[in-house]
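**Q** File model.tsv below, TSV, C-alpha atoms and all ligand atoms:
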chain	number	residue	atom	x	y	z
K	24	LEU	CA	12.92	-31.36	20.28
K	25	VAL	CA	11.61	-34.32	18.32
K	26	GLY	CA	13.59	-35.56	15.33
K	27	ARG	CA	11.02	-34.62	12.73
K	28	MET	CA	11.27	-30.95	13.77
K	29	ARG	CA	15.01	-30.83	14.25
K	30	GLU	CA	15.81	-29.33	10.85
K	31	PHE	CA	13.63	-26.30	11.66
K	32	GLY	CA	15.40	-23.63	13.68
K	33	THR	CA	14.12	-20.07	14.07
K	34	THR	CA	12.15	-18.84	11.04
K	35	VAL	CA	14.04	-16.54	8.70
K	36	PHE	CA	11.42	-13.83	9.31
K	37	ALA	CA	12.08	-13.67	13.05
K	38	THR	CA	15.84	-13.75	12.50
K	39	MET	CA	15.87	-11.00	9.88
K	40	THR	CA	13.42	-8.72	11.69
K	41	LYS	CA	15.55	-9.00	14.82
K	42	LEU	CA	18.60	-8.16	12.72
K	43	ALA	CA	16.82	-5.05	11.40
K	44	VAL	CA	15.86	-3.93	14.91
K	45	ASP	CA	19.30	-4.66	16.39
K	46	THR	CA	21.15	-2.79	13.63
K	47	GLY	CA	18.63	0.01	13.10
K	48	SER	CA	18.26	-1.06	9.45
K	49	ILE	CA	15.33	-0.49	7.12
K	50	ASN	CA	13.38	-3.76	7.15
K	51	LEU	CA	12.54	-4.87	3.61
K	52	GLY	CA	12.70	-8.47	4.85
K	53	GLN	CA	9.55	-9.76	6.56
K	54	GLY	CA	6.50	-8.89	4.47
K	55	PHE	CA	4.17	-6.65	6.44
K	56	PRO	CA	2.79	-3.22	5.52
K	57	ASP	CA	3.79	-0.14	7.50
K	58	THR	CA	0.37	1.49	7.15
K	59	ASP	CA	-3.03	0.43	8.51
K	60	GLY	CA	-5.96	-1.23	6.79
K	61	PRO	CA	-9.32	0.49	6.12
K	62	ALA	CA	-10.26	2.80	9.01
K	63	ARG	CA	-13.87	1.64	9.23
K	64	MET	CA	-12.73	-1.97	9.49
K	65	LEU	CA	-10.52	-1.01	12.44
K	66	GLU	CA	-13.52	0.75	13.98
K	67	HIS	CA	-15.58	-2.41	13.59
K	68	ALA	CA	-13.03	-4.35	15.65
K	69	VAL	CA	-13.10	-1.70	18.38
K	70	GLU	CA	-16.89	-1.66	18.27
K	71	ALA	CA	-17.01	-5.47	18.56
K	72	ILE	CA	-14.86	-5.29	21.70
K	73	ARG	CA	-16.96	-2.48	23.20
K	74	SER	CA	-20.20	-4.32	22.50
K	75	GLY	CA	-19.07	-7.42	24.35
K	76	ARG	CA	-18.15	-9.82	21.55
K	77	ASN	CA	-15.27	-11.00	23.71
K	78	GLN	CA	-16.03	-14.64	24.50
K	79	TYR	CA	-15.29	-17.77	22.47
K	80	PRO	CA	-16.83	-17.54	19.04
K	81	PRO	CA	-18.20	-20.79	17.54
K	82	GLY	CA	-15.42	-23.24	16.60
K	83	PRO	CA	-15.92	-22.91	12.82
K	84	GLY	CA	-16.01	-19.10	13.05
K	85	VAL	CA	-18.65	-16.41	13.56
K	86	PRO	CA	-21.59	-16.83	11.14
K	87	GLU	CA	-21.06	-13.27	9.85
K	88	LEU	CA	-17.55	-14.10	8.60
K	89	ARG	CA	-18.43	-17.52	7.18
K	90	GLN	CA	-21.28	-15.84	5.29
K	91	ALA	CA	-19.03	-13.00	4.10
K	92	VAL	CA	-16.36	-15.42	2.82
K	93	SER	CA	-19.07	-17.39	1.04
K	94	GLY	CA	-20.34	-14.17	-0.60
K	95	HIS	CA	-16.84	-13.06	-1.55
K	96	ARG	CA	-16.07	-16.38	-3.27
K	97	LYS	CA	-19.29	-16.11	-5.25
K	98	ASP	CA	-18.82	-12.45	-6.23
K	99	TRP	CA	-15.15	-12.69	-7.21
K	100	TYR	CA	-14.80	-16.13	-8.66
K	101	GLY	CA	-18.32	-17.46	-9.22
K	102	LEU	CA	-17.49	-20.22	-6.72
K	103	ALA	CA	-20.44	-21.44	-4.68
K	104	TYR	CA	-19.45	-22.38	-1.13
K	105	ASP	CA	-22.15	-22.49	1.54
K	106	ALA	CA	-21.25	-20.88	4.84
K	107	ASP	CA	-21.01	-24.51	6.11
K	108	GLU	CA	-18.15	-25.08	3.68
K	109	VAL	CA	-16.14	-22.24	5.24
K	110	LEU	CA	-13.93	-22.71	8.30
K	111	VAL	CA	-12.26	-19.74	9.99
K	112	THR	CA	-8.66	-20.30	11.13
K	113	VAL	CA	-5.83	-18.51	12.92
K	114	GLY	CA	-4.41	-17.00	9.73
K	115	ALA	CA	-3.54	-18.97	6.64
K	116	THR	CA	-0.74	-20.57	8.64
K	117	GLU	CA	-3.08	-22.60	10.82
K	118	ALA	CA	-5.23	-23.40	7.80
K	119	ILE	CA	-2.24	-24.85	5.95
K	120	ALA	CA	-1.03	-26.87	8.92
K	121	SER	CA	-4.52	-28.19	9.74
K	122	ALA	CA	-5.15	-29.11	6.12
K	123	VAL	CA	-1.90	-31.05	5.82
K	124	LEU	CA	-2.48	-32.76	9.19
K	125	ALA	CA	-6.02	-33.64	8.15
K	126	VAL	CA	-5.20	-35.32	4.84
K	127	CYS	CA	-1.73	-36.86	5.25
K	128	GLU	CA	-0.87	-40.18	6.86
K	129	PRO	CA	2.71	-40.58	8.06
K	130	GLY	CA	4.86	-41.41	5.03
K	131	ASP	CA	2.53	-39.74	2.53
K	132	GLU	CA	4.17	-37.29	0.15
K	133	VAL	CA	3.22	-33.68	-0.54
K	134	ILE	CA	4.40	-31.78	-3.63
K	135	VAL	CA	5.60	-28.22	-3.04
K	136	PHE	CA	6.96	-25.68	-5.49
K	137	GLU	CA	10.42	-24.64	-4.38
K	138	PRO	CA	11.24	-21.96	-3.21
K	139	TYR	CA	8.32	-22.47	-0.83
K	140	TYR	CA	6.92	-20.48	2.11
K	141	ASP	CA	8.70	-21.74	5.19
K	142	SER	CA	5.72	-23.02	7.17
K	143	TYR	CA	4.95	-25.64	4.49
K	144	GLY	CA	8.00	-27.73	5.30
K	145	ALA	CA	7.24	-27.69	9.01
K	146	ALA	CA	3.53	-28.51	8.54
K	147	ILE	CA	4.44	-31.48	6.36
K	148	ALA	CA	7.03	-32.66	8.91
K	149	LEU	CA	4.53	-32.34	11.79
K	150	ALA	CA	2.22	-34.66	9.89
K	151	GLY	CA	5.05	-37.17	9.49
K	152	ALA	CA	4.70	-36.69	5.76
K	153	VAL	CA	7.47	-36.10	3.22
K	154	ARG	CA	7.84	-33.08	0.96
K	155	ARG	CA	8.64	-33.50	-2.72
K	156	PRO	CA	9.95	-30.17	-4.03
K	157	VAL	CA	9.57	-29.16	-7.67
K	158	THR	CA	11.86	-26.25	-8.48
K	159	LEU	CA	10.58	-23.05	-10.06
K	160	ARG	CA	13.19	-21.76	-12.49
K	161	VAL	CA	13.49	-18.41	-14.24
K	162	ASP	CA	12.24	-18.53	-17.80
K	163	ALA	CA	11.54	-15.34	-19.78
K	164	GLY	CA	11.84	-13.22	-16.64
K	165	ARG	CA	9.50	-15.18	-14.37
K	166	PHE	CA	9.72	-18.24	-12.16
K	167	THR	CA	7.88	-21.23	-13.57
K	168	PHE	CA	7.94	-25.05	-13.47
K	169	ASP	CA	8.60	-27.76	-15.98
K	170	PRO	CA	5.42	-29.87	-16.38
K	171	ALA	CA	7.49	-33.04	-16.93
K	172	GLU	CA	9.39	-32.43	-13.69
K	173	LEU	CA	6.11	-31.89	-11.86
K	174	ALA	CA	4.62	-35.11	-13.23
K	175	ALA	CA	7.80	-37.01	-12.34
K	176	ALA	CA	7.56	-35.85	-8.71
K	177	VAL	CA	4.27	-37.71	-8.21
K	178	GLY	CA	4.65	-41.23	-6.88
K	179	PRO	CA	2.44	-43.91	-5.33
K	180	ARG	CA	2.56	-42.21	-1.89
K	181	THR	CA	1.77	-38.70	-3.15
K	182	ARG	CA	-1.33	-37.47	-1.37
K	183	ALA	CA	-1.46	-33.72	-1.95
K	184	ILE	CA	0.02	-30.74	-3.73
K	185	LEU	CA	0.45	-27.35	-2.10
K	186	VAL	CA	-0.11	-24.58	-4.64
K	187	ASN	CA	0.69	-20.99	-3.70
K	188	SER	CA	-0.37	-18.39	-6.25
K	189	PRO	CA	0.38	-15.48	-6.26
K	190	HIS	CA	3.60	-17.09	-5.13
K	191	ASN	CA	5.78	-16.02	-2.22
K	192	PRO	CA	8.76	-15.56	-2.47
K	193	THR	CA	9.00	-15.35	-6.31
K	194	GLY	CA	6.08	-13.05	-7.16
K	195	THR	CA	4.89	-15.44	-9.86
K	196	VAL	CA	1.16	-15.62	-10.54
K	197	PHE	CA	0.44	-18.96	-12.15
K	198	THR	CA	-1.23	-18.70	-15.54
K	199	ARG	CA	-4.40	-20.55	-16.37
K	200	GLN	CA	-2.30	-22.90	-18.47
K	201	GLU	CA	0.06	-23.67	-15.58
K	202	LEU	CA	-2.92	-24.28	-13.32
K	203	GLU	CA	-4.47	-26.59	-15.91
K	204	THR	CA	-1.29	-28.67	-15.81
K	205	VAL	CA	-1.65	-28.91	-12.03
K	206	ALA	CA	-5.37	-29.65	-12.25
K	207	ASP	CA	-4.89	-32.43	-14.82
K	208	LEU	CA	-2.25	-34.04	-12.66
K	209	CYS	CA	-4.45	-33.84	-9.54
K	210	GLN	CA	-7.23	-35.63	-11.38
K	211	GLU	CA	-5.04	-38.22	-13.10
K	212	ARG	CA	-3.19	-39.10	-9.91
K	213	ASP	CA	-6.02	-38.50	-7.43
K	214	LEU	CA	-4.31	-35.75	-5.44
K	215	ILE	CA	-5.82	-33.23	-3.05
K	216	ALA	CA	-4.86	-29.63	-3.83
K	217	ILE	CA	-4.21	-27.29	-0.93
K	218	THR	CA	-4.12	-23.77	-2.31
K	219	ASP	CA	-2.54	-20.82	-0.52
K	220	GLU	CA	-4.13	-17.71	-2.02
K	221	VAL	CA	-3.28	-15.11	0.62
K	222	TYR	CA	-2.13	-12.67	-2.11
K	223	GLU	CA	-5.26	-13.26	-4.22
K	224	HIS	CA	-6.01	-9.52	-4.54
K	225	LEU	CA	-2.41	-8.36	-4.96
K	226	THR	CA	-1.71	-8.86	-8.67
K	227	TYR	CA	-0.29	-6.26	-11.05
K	228	ASP	CA	-0.16	-5.25	-14.72
K	229	GLY	CA	-3.72	-6.52	-15.18
K	230	VAL	CA	-2.68	-10.11	-14.39
K	231	GLU	CA	-5.65	-12.09	-13.10
K	232	HIS	CA	-5.56	-14.46	-10.12
K	233	VAL	CA	-7.23	-17.73	-11.05
K	234	PRO	CA	-8.23	-19.94	-8.10
K	235	LEU	CA	-7.40	-23.58	-8.85
K	236	ALA	CA	-10.85	-24.56	-7.53
K	237	THR	CA	-12.47	-22.76	-10.50
K	238	LEU	CA	-10.95	-25.24	-12.96
K	239	PRO	CA	-13.18	-28.14	-14.06
K	240	GLY	CA	-13.12	-31.06	-11.63
K	241	MET	CA	-11.09	-29.19	-9.01
K	242	ARG	CA	-13.61	-27.78	-6.54
K	243	GLU	CA	-14.29	-31.21	-5.07
K	244	ARG	CA	-10.62	-31.94	-4.41
K	245	THR	CA	-9.35	-28.52	-3.35
K	246	ILE	CA	-8.85	-26.99	0.09
K	247	MET	CA	-8.79	-23.28	-0.76
K	248	ILE	CA	-7.03	-21.07	1.77
K	249	SER	CA	-6.84	-17.33	2.22
K	250	SER	CA	-6.50	-14.74	4.95
K	251	ALA	CA	-7.27	-11.12	5.79
K	252	GLY	CA	-3.67	-10.21	6.55
K	253	LYS	CA	-2.58	-9.19	3.05
K	254	SER	CA	-5.89	-8.12	1.50
K	255	PHE	CA	-6.66	-5.68	4.34
K	256	SER	CA	-3.15	-4.88	5.64
K	257	VAL	CA	-3.72	-6.50	9.04
K	258	THR	CA	-1.06	-9.21	9.21
K	259	GLY	CA	-1.24	-9.05	13.01
K	260	TRP	CA	-4.91	-10.07	13.12
K	261	LYS	CA	-4.15	-13.64	11.99
K	262	THR	CA	-7.61	-14.21	10.61
K	263	GLY	CA	-7.77	-16.78	7.81
K	264	TRP	CA	-10.16	-19.33	6.36
K	265	ILE	CA	-10.54	-22.42	4.24
K	266	CYS	CA	-13.25	-23.21	1.72
K	267	ALA	CA	-13.74	-26.83	0.76
K	268	PRO	CA	-16.44	-29.43	0.17
K	269	PRO	CA	-18.13	-30.82	3.33
K	270	ALA	CA	-15.97	-33.92	3.87
K	271	LEU	CA	-12.74	-31.92	3.57
K	272	VAL	CA	-13.98	-29.05	5.75
K	273	ARG	CA	-14.99	-31.57	8.43
K	274	ALA	CA	-11.58	-33.23	8.25
K	275	VAL	CA	-9.73	-29.93	8.62
K	276	GLN	CA	-12.06	-28.79	11.41
K	277	THR	CA	-11.44	-32.00	13.33
K	278	VAL	CA	-7.76	-31.05	13.46
K	279	LYS	CA	-8.25	-27.32	13.93
K	280	GLN	CA	-10.57	-27.68	16.92
K	281	PHE	CA	-7.76	-29.25	18.95
K	282	LEU	CA	-5.05	-26.86	17.82
K	283	THR	CA	-6.80	-23.62	18.72
K	284	PHE	CA	-10.54	-24.43	18.79
K	285	THR	CA	-11.34	-20.91	17.57
K	286	SER	CA	-9.83	-17.45	17.11
K	287	GLY	CA	-10.38	-13.77	18.03
K	288	ALA	CA	-14.02	-12.78	17.68
K	289	PRO	CA	-13.49	-9.01	17.21
K	290	TRP	CA	-11.18	-9.54	14.23
K	291	GLN	CA	-13.54	-12.02	12.66
K	292	LEU	CA	-16.41	-9.55	12.84
K	293	ALA	CA	-14.32	-6.70	11.45
K	294	VAL	CA	-13.04	-8.85	8.57
K	295	ALA	CA	-16.61	-9.93	7.79
K	296	TYR	CA	-17.49	-6.26	7.42
K	297	ALA	CA	-14.42	-5.60	5.25
K	298	LEU	CA	-15.13	-8.48	2.86
K	299	ARG	CA	-18.61	-7.06	2.33
K	300	GLU	CA	-17.84	-3.34	2.23
K	301	GLU	CA	-14.16	-2.56	1.71
K	302	MET	CA	-13.26	-4.18	-1.59
K	303	ASP	CA	-12.86	-0.71	-3.13
K	304	TRP	CA	-10.20	-0.05	-0.51
K	305	VAL	CA	-8.49	-3.28	-1.60
K	306	ALA	CA	-8.56	-2.15	-5.24
K	307	ALA	CA	-6.92	1.16	-4.29
K	308	GLN	CA	-4.35	-0.66	-2.19
K	309	ARG	CA	-3.55	-2.95	-5.09
K	310	ALA	CA	-2.88	0.06	-7.32
K	311	ALA	CA	-0.74	1.68	-4.62
K	312	LEU	CA	1.29	-1.52	-4.26
K	313	GLU	CA	1.81	-1.75	-8.01
K	314	ALA	CA	3.33	1.75	-7.94
K	315	LYS	CA	5.50	0.76	-4.96
K	316	ARG	CA	6.68	-2.32	-6.82
K	317	ASP	CA	7.76	-0.11	-9.73
K	318	ARG	CA	9.42	2.37	-7.38
K	319	LEU	CA	11.48	-0.33	-5.65
K	320	MET	CA	12.33	-2.11	-8.93
K	321	THR	CA	13.63	1.12	-10.47
K	322	GLY	CA	15.69	1.85	-7.37
K	323	LEU	CA	17.15	-1.64	-7.16
K	324	GLN	CA	18.08	-1.55	-10.84
K	325	ALA	CA	19.80	1.80	-10.33
K	326	ALA	CA	21.69	0.29	-7.38
K	327	GLY	CA	23.03	-2.43	-9.69
K	328	PHE	CA	20.81	-5.44	-8.99
K	329	GLU	CA	19.29	-7.57	-11.70
K	330	VAL	CA	15.59	-7.35	-10.92
K	331	LEU	CA	12.79	-9.78	-11.78
K	332	ARG	CA	9.35	-8.27	-12.29
K	333	PRO	CA	6.78	-9.84	-9.95
K	334	ALA	CA	3.17	-10.12	-11.18
K	335	GLY	CA	1.87	-10.31	-7.61
K	336	THR	CA	2.61	-10.36	-3.83
K	337	TYR	CA	4.68	-7.90	-1.76
K	338	PHE	CA	8.06	-9.07	-3.06
K	339	VAL	CA	10.71	-8.47	-5.71
K	340	GLN	CA	13.40	-11.04	-6.47
K	341	THR	CA	16.84	-9.77	-7.34
K	342	ASP	CA	20.01	-11.44	-8.60
K	343	ILE	CA	23.05	-10.08	-6.75
K	344	ARG	CA	25.74	-11.24	-9.16
K	345	PRO	CA	25.98	-7.96	-11.13
K	346	LEU	CA	27.02	-6.33	-7.82
K	347	GLY	CA	29.94	-8.75	-7.53
K	348	PHE	CA	28.35	-10.94	-4.84
K	349	ASP	CA	27.77	-14.64	-5.16
K	350	ASP	CA	25.98	-15.97	-2.08
K	351	GLY	CA	22.65	-14.39	-1.12
K	352	LEU	CA	22.79	-15.66	2.46
K	353	GLU	CA	26.17	-14.10	3.10
K	354	PHE	CA	25.04	-10.94	1.28
K	355	ALA	CA	21.84	-10.62	3.35
K	356	MET	CA	23.71	-11.11	6.62
K	357	ARG	CA	26.17	-8.35	5.65
K	358	LEU	CA	23.61	-5.97	4.15
K	359	PRO	CA	22.87	-4.14	7.43
K	360	GLU	CA	26.55	-3.30	7.80
K	361	LEU	CA	27.04	-2.54	4.09
K	362	ALA	CA	23.90	-0.47	3.55
K	363	GLY	CA	21.62	-0.37	6.61
K	364	VAL	CA	18.94	-2.48	4.90
K	365	VAL	CA	17.53	-5.94	5.66
K	366	ALA	CA	16.35	-8.36	2.94
K	367	ILE	CA	15.65	-12.09	2.81
K	368	PRO	CA	18.07	-14.61	1.26
K	369	THR	CA	15.83	-16.59	-1.07
K	370	GLN	CA	17.92	-19.76	-0.73
K	371	VAL	CA	16.40	-20.47	2.70
K	372	PHE	CA	13.15	-21.41	0.94
K	373	TYR	CA	14.77	-24.25	-1.02
K	374	ASP	CA	15.53	-27.85	-0.11
K	375	ARG	CA	18.43	-27.42	-2.54
K	376	PRO	CA	19.69	-23.95	-1.51
K	377	GLU	CA	22.24	-23.80	-4.33
K	378	ARG	CA	19.32	-23.38	-6.73
K	379	GLY	CA	18.45	-20.07	-5.09
K	380	ARG	CA	21.95	-19.05	-4.15
K	381	HIS	CA	22.07	-15.78	-6.10
K	382	PHE	CA	18.61	-14.51	-5.24
K	383	VAL	CA	17.64	-12.01	-2.57
K	384	ARG	CA	14.04	-10.95	-1.82
K	385	PHE	CA	13.02	-7.36	-1.04
K	386	ALA	CA	9.55	-6.31	0.23
K	387	PHE	CA	7.88	-3.21	-1.25
K	388	CYS	CA	4.79	-3.00	1.04
K	389	LYS	CA	6.28	0.11	2.66
K	390	LYS	CA	5.75	3.89	2.61
K	391	ASP	CA	7.29	5.59	-0.43
K	392	GLU	CA	9.75	7.49	1.75
K	393	VAL	CA	10.92	4.22	3.33
K	394	ILE	CA	11.47	2.67	-0.11
K	395	ASP	CA	13.31	5.80	-1.26
K	396	GLU	CA	15.58	5.83	1.78
K	397	ALA	CA	16.36	2.13	1.36
K	398	VAL	CA	17.21	2.68	-2.30
K	399	THR	CA	19.46	5.62	-1.43
K	400	ARG	CA	21.30	3.44	1.06
K	401	LEU	CA	21.61	0.56	-1.41
K	402	GLN	CA	23.41	2.84	-3.89
K	403	ARG	CA	26.39	2.49	-1.52
K	404	LEU	CA	26.87	-1.04	-2.81
K	405	GLY	CA	27.86	0.15	-6.28
K	501	LIG	N1	1.23	-18.12	2.97
K	501	LIG	C1	2.02	-17.22	2.39
K	501	LIG	C2	2.47	-17.46	0.99
K	501	LIG	C3	2.44	-16.09	3.08
K	501	LIG	O1	3.25	-15.20	2.50
K	501	LIG	C4	2.02	-15.91	4.41
K	501	LIG	C5	2.50	-14.74	5.20
K	501	LIG	N2	1.61	-13.75	5.11
K	501	LIG	C6	1.17	-16.85	4.97
K	501	LIG	C7	0.80	-17.95	4.23
K	501	LIG	C8	0.66	-16.73	6.37
K	501	LIG	O2	-0.51	-16.02	6.43
K	501	LIG	P1	-1.18	-15.65	7.83
K	501	LIG	O3	-0.41	-14.52	8.39
K	501	LIG	O4	-2.58	-15.32	7.48
K	501	LIG	O5	-1.08	-16.85	8.71
K	502	LIG	N1	4.57	-13.79	4.89
K	502	LIG	C1	5.59	-12.90	5.35
K	502	LIG	C2	6.82	-12.96	4.46
K	502	LIG	O1	6.94	-13.82	3.64
K	502	LIG	C3	6.06	-13.14	6.76
K	502	LIG	C4	5.30	-14.09	7.60
K	502	LIG	C5	6.00	-14.42	8.88
K	502	LIG	O2	6.61	-13.57	9.50
K	502	LIG	N2	5.94	-15.64	9.27
K	502	LIG	O3	7.65	-12.13	4.62
Show the structure stored in the file as structure tokens.
Ligand code: PMP
Ligand code: GLN
**A**
Amino acid sequence: LVGRMREFGTTVFATMTKLAVDTGSINLGQGFPDTDGPARMLEHAVEAIRSGRNQYPPGPGVPELRQAVSGHRKDWYGLAYDADEVLVTVGATEAIASAVLAVCEPGDEVIVFEPYYDSYGAAIALAGAVRRPVTLRVDAGRFTFDPAELAAAVGPRTRAILVNSPHNPTGTVFTRQELETVADLCQERDLIAITDEVYEHLTYDGVEHVPLATLPGMRERTIMISSAGKSFSVTGWKTGWICAPPALVRAVQTVKQFLTFTSGAPWQLAVAYALREEMDWVAAQRAALEAKRDRLMTGLQAAGFEVLRPAGTYFVQTDIRPLGFDDGLEFAMRLPELAGVVAIPTQVFYDRPERGRHFVRFAFCKKDEVIDEAVTRLQRLG
């Protein structure tokens, strides 16, 4: 394995899901729902297969999906992207990697908010670029950044900033004010923003998701990324997309065409349908997830964790110190044996793991009875 990839072993999600399977534990680690997306969307995929949409779709994606993404951006955010400014990818993961590979020269720097989703570090390394982490710290019950620290992270080689909101693994949804800080910096220092908005529809307590591209001066320098996995509960379909101005879309497509060229036609067609017709299903799912968040939070509190209230995503952050534990990695590795539950040690998402040492992430995108059983088991810790 080449040197630039040597720090990346097996992803934490594969490791922890295997641990859950091997030990028969309840898996509140890897974030995937245990129920299906909208039934008519599933039917559309089956119908696409039956009607022979089984050969290579066009490289940039099927026109139906590019058009549907364009319409969705307009309806939800008032953002005008032509279908030509939409590129379909193999999930958000390929979109992120292609975007970083398309804009970074070797030695360029990319700002990431730490803890960060694990594929970011690898995508930056593949490009021969260097990550510059800015740590999110807990302030008034939510993870946020210090604007001075963010500004100080930008140097002469900084090319881009990766902005994930709603943020995995903390559950933070950046406020308009936080995004304005990012936007100002991008414009002052001529940075490209790569936004990961896969949880765009999963926000709670009336908190609104604001796409960075809607802020003045940002559309022209933003590569906006999302995916169907979370919005429609089909993480296994790996259907994502970018929206960006023509020069940036072309740059990303130039990379993407040699990574995968294109992706599964039936899923693209079904997602196109869902973006047009199933947004009510998404609204109901959002409400269901908010109730699940509350259910898991209450249970974790009763089990003795300190619990942080996420404004979005599938995840709750907990502090394990009230339970008498100190190291989240050690705790997570022992949790199957202690309680028959799997969770994710948040420290693996940091370049400076000590900053996340006490945190453990639990997923709540599960059936109520699964959450209840996990909570019952976790009471054994007390
Ligand atoms: N970004 C974040 C923040 C995620 O949590 C995930 C996992 N769903 C992804 C990207 C990857 O998305 P996809 O499965 O569409 O590749
Ligand atoms: N996004 C999911 C999580 O954070 C998992 C994605 C993956 O398995 N790579 O749990």
**Q** May I ask you to write as a ChimeraX atom specification all residues lying at most 7 Å from ligand LIG 502 (chain K), with all atoms listed in the file counted?
**A** /K:36-37,52-55,140,191-192
**Q** With only C-alpha atoms and all ligand atoms as the basis for distance, which of K:Arg63, K:His381, K:Lys253, K:Lys279 is at the shortest distance from ligand LIG 501 (chain K)?
**A** K:Lys253
**Q** Show me which residues line ligand LIG 501 (chain K), defined as having an atom within 9 Å of a ligand atom where all atoms listed in the file count, and present them as a PyMOL selection string.
**A** chain K and resi 53-55+112-119+139-143+187-192+219-222+248-253+257-264+336-337
**Q** Take the point (27.0, -9.7, -7.9) in the file's coordinates, draw a sphere of radius 12 Å around it, and report as a PDB file with C-alpha atoms, in the coordinates of the input every protein, DNA or RNA residue with an atom inside or on it, counting all atoms listed in the file.
**A**
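Output contents, as saved in out21.pdb:
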ATOM      1  CA  ALA K 326      21.690   0.290  -7.380  1.00  0.00           C
ATOM      2  CA  GLY K 327      23.030  -2.430  -9.690  1.00  0.00           C
ATOM      3  CA  PHE K 328      20.810  -5.440  -8.990  1.00  0.00           C
ATOM      4  CA  GLU K 329      19.290  -7.570 -11.700  1.00  0.00           C
ATOM      5  CA  THR K 341      16.840  -9.770  -7.340  1.00  0.00           C
ATOM      6  CA  ASP K 342      20.010 -11.440  -8.600  1.00  0.00           C
ATOM      7  CA  ILE K 343      23.050 -10.080  -6.750  1.00  0.00           C
ATOM      8  CA  ARG K 344      25.740 -11.240  -9.160  1.00  0.00           C
ATOM      9  CA  PRO K 345      25.980  -7.960 -11.130  1.00  0.00           C
ATOM     10  CA  LEU K 346      27.020  -6.330  -7.820  1.00  0.00           C
ATOM     11  CA  GLY K 347      29.940  -8.750  -7.530  1.00  0.00           C
ATOM     12  CA  PHE K 348      28.350 -10.940  -4.840  1.00  0.00           C
ATOM     13  CA  ASP K 349      27.770 -14.640  -5.160  1.00  0.00           C
ATOM     14  CA  ASP K 350      25.980 -15.970  -2.080  1.00  0.00           C
ATOM     15  CA  GLY K 351      22.650 -14.390  -1.120  1.00  0.00           C
ATOM     16  CA  GLU K 353      26.170 -14.100   3.100  1.00  0.00           C
ATOM     17  CA  PHE K 354      25.040 -10.940   1.280  1.00  0.00           C
ATOM     18  CA  ARG K 380      21.950 -19.050  -4.150  1.00  0.00           C
ATOM     19  CA  HIS K 381      22.070 -15.780  -6.100  1.00  0.00           C
ATOM     20  CA  PHE K 382      18.610 -14.510  -5.240  1.00  0.00           C
ATOM     21  CA  VAL K 383      17.640 -12.010  -2.570  1.00  0.00           C
ATOM     22  CA  LEU K 404      26.870  -1.040  -2.810  1.00  0.00           C
ATOM     23  CA  GLY K 405      27.860   0.150  -6.280  1.00  0.00           C
TER      24      GLY K 405
END
**Q** Counting only C-alpha atoms, which residue out of K:Lys41, K:Arg357, K:Lys390, K:Arg27 sits closest to Thr58 of chain K?
**A** K:Lys390
**Q** If I wrap all listed atoms of segment 294-301 of chain K in a box with edges along x, y and z and add 5 Å on each side, what are its centre and edge lengths in Å to one decimal, as lines of an AutoDock Vina configuration file?
**A**
center_x = -15.8
center_y = -6.2
center_z = 5.1
size_x = 15.6
size_y = 17.4
size_z = 16.9
**Q** To one decimal place in Å, what is the distance between atom CA of Leu331 of chain K and atom CA of Pro368 of chain K?
**A**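 One can read the atom CA of Leu331 of chain K to atom CA of Pro368 of chain K distance as 14.9 Å.
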**Q** Just to confirm, what's the straight-line distance from atom CA of Asp395 of chain K to atom CA of His224 of chain K in Å (one decimal)?
**A** 24.9 Å
**Q** At what distance in Å, to one decimal, does atom CA of Ala106 of chain K lie from atom CA of Arg244 of chain K?
**A**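 Taking atom CA of Arg244 of chain K and atom CA of Ala106 of chain K, their separation equals 17.9 Å.
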**Q** Which of these residues is nearest to Val196 of chain K, using all atoms listed in the file: K:Ser256, K:Ala334, K:Glu211, K:Val305?
**A**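 Between K:Ser256, K:Ala334, K:Glu211, K:Val305, the residue approaching Val196 of chain K most closely is K:Ala334.
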**Q** Up to 7 Å from (-13.0, -14.8, 19.0) in the file's coordinates: name the residues, counting only C-alpha atoms, as a ChimeraX atom specification.
**A** /K:77-80,285-289,291
**Q** Using only C-alpha atoms, which of K:Met356, K:Tyr373, K:Phe281, K:Arg165 sits nearest Thr46 of chain K?
**A**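 Result for the nearest residue to Thr46 of chain K: K:Met356.
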**Q** Which is closest to Leu323 of chain K among K:Ala293, K:Leu271, K:Ile394, K:Ala183, if we use all atoms listed in the file?
**A**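 Distance minimum relative to Leu323 of chain K lands on K:Ile394.
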**Q** Quick one: residues within 10 Å of Val109 of chain K, all atoms listed in the file counted, chain neighbours fewer than 4 positions away excluded, as a VMD selection string?
**A** chain K and resid 83 to 84 86 88 to 93 104 to 105 247 to 248 264 to 269 272 to 273 276
**Q** Suppose we keep C-alpha atoms; can you now write the selection as a short mmCIF file (atom, residue, chain, number, x, y, z; two decimals), in the coordinates of the input?
**A**
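See again_9.cif below for the written result:
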data_model
loop_
_atom_site.label_atom_id
_atom_site.label_comp_id
_atom_site.auth_asym_id
_atom_site.auth_seq_id
_atom_site.Cartn_x
_atom_site.Cartn_y
_atom_site.Cartn_z
CA PRO K 83 -15.92 -22.91 12.82
CA GLY K 84 -16.01 -19.10 13.05
CA PRO K 86 -21.59 -16.83 11.14
CA LEU K 88 -17.55 -14.10 8.60
CA ARG K 89 -18.43 -17.52 7.18
CA GLN K 90 -21.28 -15.84 5.29
CA ALA K 91 -19.03 -13.00 4.10
CA VAL K 92 -16.36 -15.42 2.82
CA SER K 93 -19.07 -17.39 1.04
CA TYR K 104 -19.45 -22.38 -1.13
CA ASP K 105 -22.15 -22.49 1.54
CA MET K 247 -8.79 -23.28 -0.76
CA ILE K 248 -7.03 -21.07 1.77
CA TRP K 264 -10.16 -19.33 6.36
CA ILE K 265 -10.54 -22.42 4.24
CA CYS K 266 -13.25 -23.21 1.72
CA ALA K 267 -13.74 -26.83 0.76
CA PRO K 268 -16.44 -29.43 0.17
CA PRO K 269 -18.13 -30.82 3.33
CA VAL K 272 -13.98 -29.05 5.75
CA ARG K 273 -14.99 -31.57 8.43
CA GLN K 276 -12.06 -28.79 11.41
#
